[in-house]
Amino acid sequence: MPRTEFISTGFYVPERVVRNEEFTQWMDTSDEWIRTRTGITERRWVADGQTGSDLAYQASQLALERAGMKAADLDCIIYCTLSPDYFFPGTGVFLQRQLGVPEIPCLDVRNQCTGFLYGLSIADAWIRTGQYKRILLVGSEVHSTGMDLTTRGRDLSVLFGDGAGVAILGPTTDEKRGVLSTHIYADGRYAELLFSESPASAHNPRISHADLDAGKQYAHMQGKEVFKHASTRMPQSVKLALESNGLTPQDIKLLIPHQANLRISEMVQKLLGLRDDQLYNNIQRYGNTTAGSIPIALDECVQAGRLQRGDLLVLAAFGSGFTWGSAAVRW
Ligand code: UT7
């Protein structure tokens, strides 16, 4: 059975940079609060009319170019997002249409911050069994169109940013390389702790004027609880990725944790005893881009030459659902 290799990566973020200071014109907050509690200094926001599939298209073009491939060489799209362009159809088909590759299957994955790892797990299974040979795996989000920019929504609106990252995956017969393992988990007992309640088919009407007045169209989070779970589940997932491959934290060349909060990443680093050079963070510049965060960070690392053939890469995520997981990859 072949293994799954990363053929190429790419990312795209919108041009508009929104620095922490900008939020002070809308709400009671400060650059100091945002930086010290989260590590974030700025994030990107889409222009009017720019969609998640538009961001994904730009990132995909870059990855295709780097792979020396045309869109027609792809045989499947897996599109991970919690902020789909529309309720339905899934966003994968809008990307497929822009890429001009009708008929290839498009699977939308709805596992929030862990979306990219869920998608990787599916892609890996399909590639190893020979179902598909060239899979475009996407993590793309637009948060800025759904933010409560008043003091009521300050705990969430300062955290999130827009952006897309992609990877093109395919089979390799090199036994020393490729995806070694993926581990994915979920626990619906905590579904409402990080939650977007409306609009939803669970209500009739899906959203009412009263809901809008109450701000129910905005996500809600019990930050401290989420923080607590994230900072235990992420290191646990990394340990599992290592143990199941007979490896230790010292073997890690690069750990890319989902970028939810710099303090969570620092906690993961401390619990695993990792040096600074073994971990990558870019939340300072992009905020939390949920399903986009791992592939964006991965592409930055690849372009900076931080991964050489055979290096051990570990990816880990935690998010709404709750969902969490990890992947171990020999680059
Ligand atoms: O990606 C998915 C997973 N997501 C996460 O893992 C996020 C996990 N949670 C967190 O990162 C943190 O809980 C936050 C960054 C969201 C919040 O940090 P915190 O240290 O837990 O702060 P807090 O929620 O306890 O709030 C402390 C204070 C509160 O005021 P009082 O009640 O102490 O007077 C908040 O109202 O900070 C206030 N606050 C703010 N102040 C200024 C909340 N948001 C803001 C803000 N600016 N933007």
# chains A, B, ... in the order shown; residues from 1 in each chain; ligands from 1
>>> closest_atom_pairs(of="chain A", to="ligand 1", cutoff="6 Å", atoms="only C-alpha atoms and all ligand atoms", output="tab-separated table")
residue	atom	partner	partner_atom_place_in_ligand_line	distance
A:Thr29	CA	ligand 1	47 (N)	3.7
A:Ser30	CA	ligand 1	47 (N)	5.9
A:Trp33	CA	ligand 1	42 (C)	5.5
A:Ile34	CA	ligand 1	48 (N)	6.0
A:Arg37	CA	ligand 1	15 (C)	5.3
A:Thr38	CA	ligand 1	15 (C)	5.2
A:Cys113	CA	ligand 1	1 (O)	5.5
A:Arg154	CA	ligand 1	48 (N)	4.2
A:Asp155	CA	ligand 1	44 (N)	3.4
A:Val158	CA	ligand 1	48 (N)	5.6
A:Gly223	CA	ligand 1	13 (O)	3.4
A:Lys224	CA	ligand 1	13 (O)	4.2
A:Val226	CA	ligand 1	8 (C)	4.8
A:Phe227	CA	ligand 1	8 (C)	3.8
A:Ala230	CA	ligand 1	6 (O)	5.4
A:Ala260	CA	ligand 1	1 (O)	4.2
A:Asn261	CA	ligand 1	11 (O)	5.0
A:Thr290	CA	ligand 1	1 (O)	5.7
A:Phe318	CA	ligand 1	3 (C)	5.9
A:Gly319	CA	ligand 1	2 (C)	3.9
A:Ser320	CA	ligand 1	2 (C)	5.9
>>> residues_around(residues="range 81-96 of chain A", least_positions_apart="4", cutoff="7 Å", atoms="only C-alpha atoms", output="list in words")
Thr51, Gly52, Ser53, Ala56, Tyr57, Ile77, Gly100, Val101, Pro102, Cys106, Leu107, Asp108, Val109, Arg110, Asn111, Gln112, Gly115, Gly139, Ser140, Glu141, Val142, His143 and Ala291 of chain A
>>> write_last_selection(atoms="N, CA and C atoms", output="PDB file, in the first residue's frame")
ATOM      1  N   THR A  51     -15.187  35.691  -1.158  1.00  0.00           N
ATOM      2  CA  THR A  51     -15.707  34.526  -0.418  1.00  0.00           C
ATOM      3  C   THR A  51     -14.591  33.572   0.001  1.00  0.00           C
ATOM      4  N   GLY A  52     -14.962  32.611   0.825  1.00  0.00           N
ATOM      5  CA  GLY A  52     -14.010  31.582   1.230  1.00  0.00           C
ATOM      6  C   GLY A  52     -13.506  30.787   0.035  1.00  0.00           C
ATOM      7  N   SER A  53     -14.404  30.516  -0.918  1.00  0.00           N
ATOM      8  CA  SER A  53     -13.951  29.754  -2.098  1.00  0.00           C
ATOM      9  C   SER A  53     -13.024  30.604  -2.966  1.00  0.00           C
ATOM     10  N   ALA A  56      -9.708  30.196  -1.301  1.00  0.00           N
ATOM     11  CA  ALA A  56      -9.229  28.836  -1.560  1.00  0.00           C
ATOM     12  C   ALA A  56      -8.715  28.705  -2.995  1.00  0.00           C
ATOM     13  N   TYR A  57      -9.378  29.398  -3.907  1.00  0.00           N
ATOM     14  CA  TYR A  57      -8.961  29.339  -5.319  1.00  0.00           C
ATOM     15  C   TYR A  57      -7.544  29.904  -5.476  1.00  0.00           C
ATOM     16  N   ILE A  77     -11.647  16.920  -4.500  1.00  0.00           N
ATOM     17  CA  ILE A  77     -11.470  18.094  -3.632  1.00  0.00           C
ATOM     18  C   ILE A  77     -12.101  17.790  -2.279  1.00  0.00           C
ATOM     19  N   GLY A 100     -12.408  25.035 -12.761  1.00  0.00           N
ATOM     20  CA  GLY A 100     -12.778  24.527 -14.087  1.00  0.00           C
ATOM     21  C   GLY A 100     -12.564  23.034 -14.232  1.00  0.00           C
ATOM     22  N   VAL A 101     -12.902  22.278 -13.175  1.00  0.00           N
ATOM     23  CA  VAL A 101     -12.732  20.820 -13.237  1.00  0.00           C
ATOM     24  C   VAL A 101     -14.049  20.107 -12.912  1.00  0.00           C
ATOM     25  N   PRO A 102     -15.053  20.239 -13.800  1.00  0.00           N
ATOM     26  CA  PRO A 102     -16.341  19.625 -13.498  1.00  0.00           C
ATOM     27  C   PRO A 102     -16.226  18.113 -13.333  1.00  0.00           C
ATOM     28  N   CYS A 106     -16.492  16.470  -4.760  1.00  0.00           N
ATOM     29  CA  CYS A 106     -16.172  17.529  -3.802  1.00  0.00           C
ATOM     30  C   CYS A 106     -16.803  17.152  -2.471  1.00  0.00           C
ATOM     31  N   LEU A 107     -15.976  16.948  -1.484  1.00  0.00           N
ATOM     32  CA  LEU A 107     -16.485  16.595  -0.159  1.00  0.00           C
ATOM     33  C   LEU A 107     -16.287  17.776   0.778  1.00  0.00           C
ATOM     34  N   ASP A 108     -17.356  18.212   1.422  1.00  0.00           N
ATOM     35  CA  ASP A 108     -17.215  19.275   2.422  1.00  0.00           C
ATOM     36  C   ASP A 108     -17.095  18.660   3.809  1.00  0.00           C
ATOM     37  N   VAL A 109     -16.117  19.131   4.558  1.00  0.00           N
ATOM     38  CA  VAL A 109     -15.860  18.613   5.902  1.00  0.00           C
ATOM     39  C   VAL A 109     -16.185  19.712   6.902  1.00  0.00           C
ATOM     40  N   ARG A 110     -16.999  19.372   7.916  1.00  0.00           N
ATOM     41  CA  ARG A 110     -17.484  20.381   8.863  1.00  0.00           C
ATOM     42  C   ARG A 110     -16.989  20.040  10.265  1.00  0.00           C
ATOM     43  N   ASN A 111     -15.697  20.140  10.461  1.00  0.00           N
ATOM     44  CA  ASN A 111     -15.172  19.824  11.790  1.00  0.00           C
ATOM     45  C   ASN A 111     -14.342  20.953  12.378  1.00  0.00           C
ATOM     46  N   GLN A 112     -14.765  22.192  12.002  1.00  0.00           N
ATOM     47  CA  GLN A 112     -14.241  23.396  12.635  1.00  0.00           C
ATOM     48  C   GLN A 112     -12.707  23.424  12.648  1.00  0.00           C
ATOM     49  N   GLY A 115     -10.908  20.608  11.233  1.00  0.00           N
ATOM     50  CA  GLY A 115     -11.339  20.234   9.887  1.00  0.00           C
ATOM     51  C   GLY A 115     -10.206  19.720   9.020  1.00  0.00           C
ATOM     52  N   GLY A 139      -8.388  24.127   3.584  1.00  0.00           N
ATOM     53  CA  GLY A 139      -8.951  24.682   4.821  1.00  0.00           C
ATOM     54  C   GLY A 139      -9.144  26.171   4.569  1.00  0.00           C
ATOM     55  N   SER A 140     -10.384  26.627   4.557  1.00  0.00           N
ATOM     56  CA  SER A 140     -10.619  28.028   4.192  1.00  0.00           C
ATOM     57  C   SER A 140     -11.733  28.624   5.036  1.00  0.00           C
ATOM     58  N   GLU A 141     -11.531  29.849   5.488  1.00  0.00           N
ATOM     59  CA  GLU A 141     -12.544  30.461   6.357  1.00  0.00           C
ATOM     60  C   GLU A 141     -12.707  31.946   6.085  1.00  0.00           C
ATOM     61  N   VAL A 142     -13.955  32.380   6.216  1.00  0.00           N
ATOM     62  CA  VAL A 142     -14.260  33.814   6.273  1.00  0.00           C
ATOM     63  C   VAL A 142     -15.038  34.035   7.567  1.00  0.00           C
ATOM     64  N   HIS A 143     -14.387  34.639   8.531  1.00  0.00           N
ATOM     65  CA  HIS A 143     -15.041  34.941   9.808  1.00  0.00           C
ATOM     66  C   HIS A 143     -15.563  36.364   9.873  1.00  0.00           C
ATOM     67  N   ALA A 291     -10.160  26.205  10.266  1.00  0.00           N
ATOM     68  CA  ALA A 291      -9.663  25.121   9.390  1.00  0.00           C
ATOM     69  C   ALA A 291      -8.489  25.573   8.519  1.00  0.00           C
TER      70      ALA A 291
END
>>> closest_residue(among="A:Phe23, A:Tyr185, A:Tyr12, A:Trp324", to="Gly292 in chain A", atoms="only C-alpha atoms")
A:Tyr12
>>> closest_residue(among="A:Gly68, A:Gly188, A:Gly39, A:Pro235", to="Asn288 in chain A", atoms="only C-alpha atoms")
A:Gly39
>>> select_by_dssp(residues="range 74-200 of chain A", states="strand (DSSP E or B)", output="ChimeraX atom specification")
/A:76-80,106-109,135-141,160,163-172,178-186,194-195
>>> write_last_selection(atoms="C-alpha atoms", output="PDB file, in the first residue's frame")
ATOM      1  CA  CYS A  76     -10.897  15.008  -5.809  1.00  0.00           C
ATOM      2  CA  ILE A  77     -11.470  18.094  -3.632  1.00  0.00           C
ATOM      3  CA  ILE A  78     -11.901  17.937   0.132  1.00  0.00           C
ATOM      4  CA  TYR A  79     -13.014  21.319   1.428  1.00  0.00           C
ATOM      5  CA  CYS A  80     -12.859  21.961   5.175  1.00  0.00           C
ATOM      6  CA  CYS A 106     -16.172  17.529  -3.802  1.00  0.00           C
ATOM      7  CA  LEU A 107     -16.485  16.595  -0.159  1.00  0.00           C
ATOM      8  CA  ASP A 108     -17.215  19.275   2.422  1.00  0.00           C
ATOM      9  CA  VAL A 109     -15.860  18.613   5.902  1.00  0.00           C
ATOM     10  CA  ILE A 135      -6.469  15.213  -3.808  1.00  0.00           C
ATOM     11  CA  LEU A 136      -6.753  18.948  -3.196  1.00  0.00           C
ATOM     12  CA  LEU A 137      -7.237  19.372   0.554  1.00  0.00           C
ATOM     13  CA  VAL A 138      -8.488  22.817   1.546  1.00  0.00           C
ATOM     14  CA  GLY A 139      -8.951  24.682   4.821  1.00  0.00           C
ATOM     15  CA  SER A 140     -10.619  28.028   4.192  1.00  0.00           C
ATOM     16  CA  GLU A 141     -12.544  30.461   6.357  1.00  0.00           C
ATOM     17  CA  PHE A 160     -10.683  35.237  14.354  1.00  0.00           C
ATOM     18  CA  GLY A 163      -7.639  32.946   5.168  1.00  0.00           C
ATOM     19  CA  ALA A 164      -7.130  29.749   3.211  1.00  0.00           C
ATOM     20  CA  GLY A 165      -4.448  27.093   3.084  1.00  0.00           C
ATOM     21  CA  VAL A 166      -4.291  24.041   0.830  1.00  0.00           C
ATOM     22  CA  ALA A 167      -2.249  20.928   0.210  1.00  0.00           C
ATOM     23  CA  ILE A 168      -2.098  18.665  -2.826  1.00  0.00           C
ATOM     24  CA  LEU A 169      -1.756  15.074  -1.698  1.00  0.00           C
ATOM     25  CA  GLY A 170      -0.805  11.976  -3.625  1.00  0.00           C
ATOM     26  CA  PRO A 171       0.675   8.480  -3.214  1.00  0.00           C
ATOM     27  CA  THR A 172       4.341   7.729  -2.622  1.00  0.00           C
ATOM     28  CA  GLY A 178       4.439  10.309   3.924  1.00  0.00           C
ATOM     29  CA  VAL A 179       1.616  10.378   6.449  1.00  0.00           C
ATOM     30  CA  LEU A 180       2.445   7.931   9.265  1.00  0.00           C
ATOM     31  CA  SER A 181      -0.820   8.267  11.170  1.00  0.00           C
ATOM     32  CA  THR A 182      -3.874  10.398  11.835  1.00  0.00           C
ATOM     33  CA  HIS A 183      -5.949  10.382  15.015  1.00  0.00           C
ATOM     34  CA  ILE A 184      -9.275  12.213  15.122  1.00  0.00           C
ATOM     35  CA  TYR A 185     -11.775  12.587  17.977  1.00  0.00           C
ATOM     36  CA  ALA A 186     -15.012  14.316  18.921  1.00  0.00           C
ATOM     37  CA  LEU A 194     -18.326  27.009  21.090  1.00  0.00           C
ATOM     38  CA  PHE A 195     -21.468  27.366  19.088  1.00  0.00           C
TER      39      PHE A 195
END
>>> residues_around(residues="Leu271 in chain A", least_positions_apart="5", cutoff="10 Å", atoms="only C-alpha atoms", output="NGL selection string")
:A and (231-232 or 235-236 or 265-266)
>>> residues_around(residues="Val302 in chain A", least_positions_apart="4", cutoff="12 Å", atoms="only C-alpha atoms", output="list in words")
Phe6, Ile7, Ser8, Thr9, Gly10, Phe11, Ala63, Arg66, Ala167, Leu254, Ile256, Tyr280, Pro295, Ile296, Ala297, Leu298, Arg306, Leu307, Gln308, Arg309, Asp311, Leu313 and Trp331 of chain A
>>> select_by_dssp(residues="range 15-129 of chain A", states="alpha helix (DSSP H)", output="VMD selection string")
chain A and resid 20 to 23 31 to 38 52 to 67 92 to 99 115 to 128
>>> closest_residue(among="A:Asn281, A:Thr145, A:Gln61, A:Thr36", to="Val268 in chain A", atoms="only C-alpha atoms")
A:Asn281
>>> closest_residue(among="A:Asn282, A:Thr150, A:Asp31, A:Thr323", to="Arg189 in chain A", atoms="only C-alpha atoms")
A:Thr323
>>> atom_distance(atom1="CA of Ser60 in chain A", atom2="CA of Asp299 in chain A")
11.7 Å
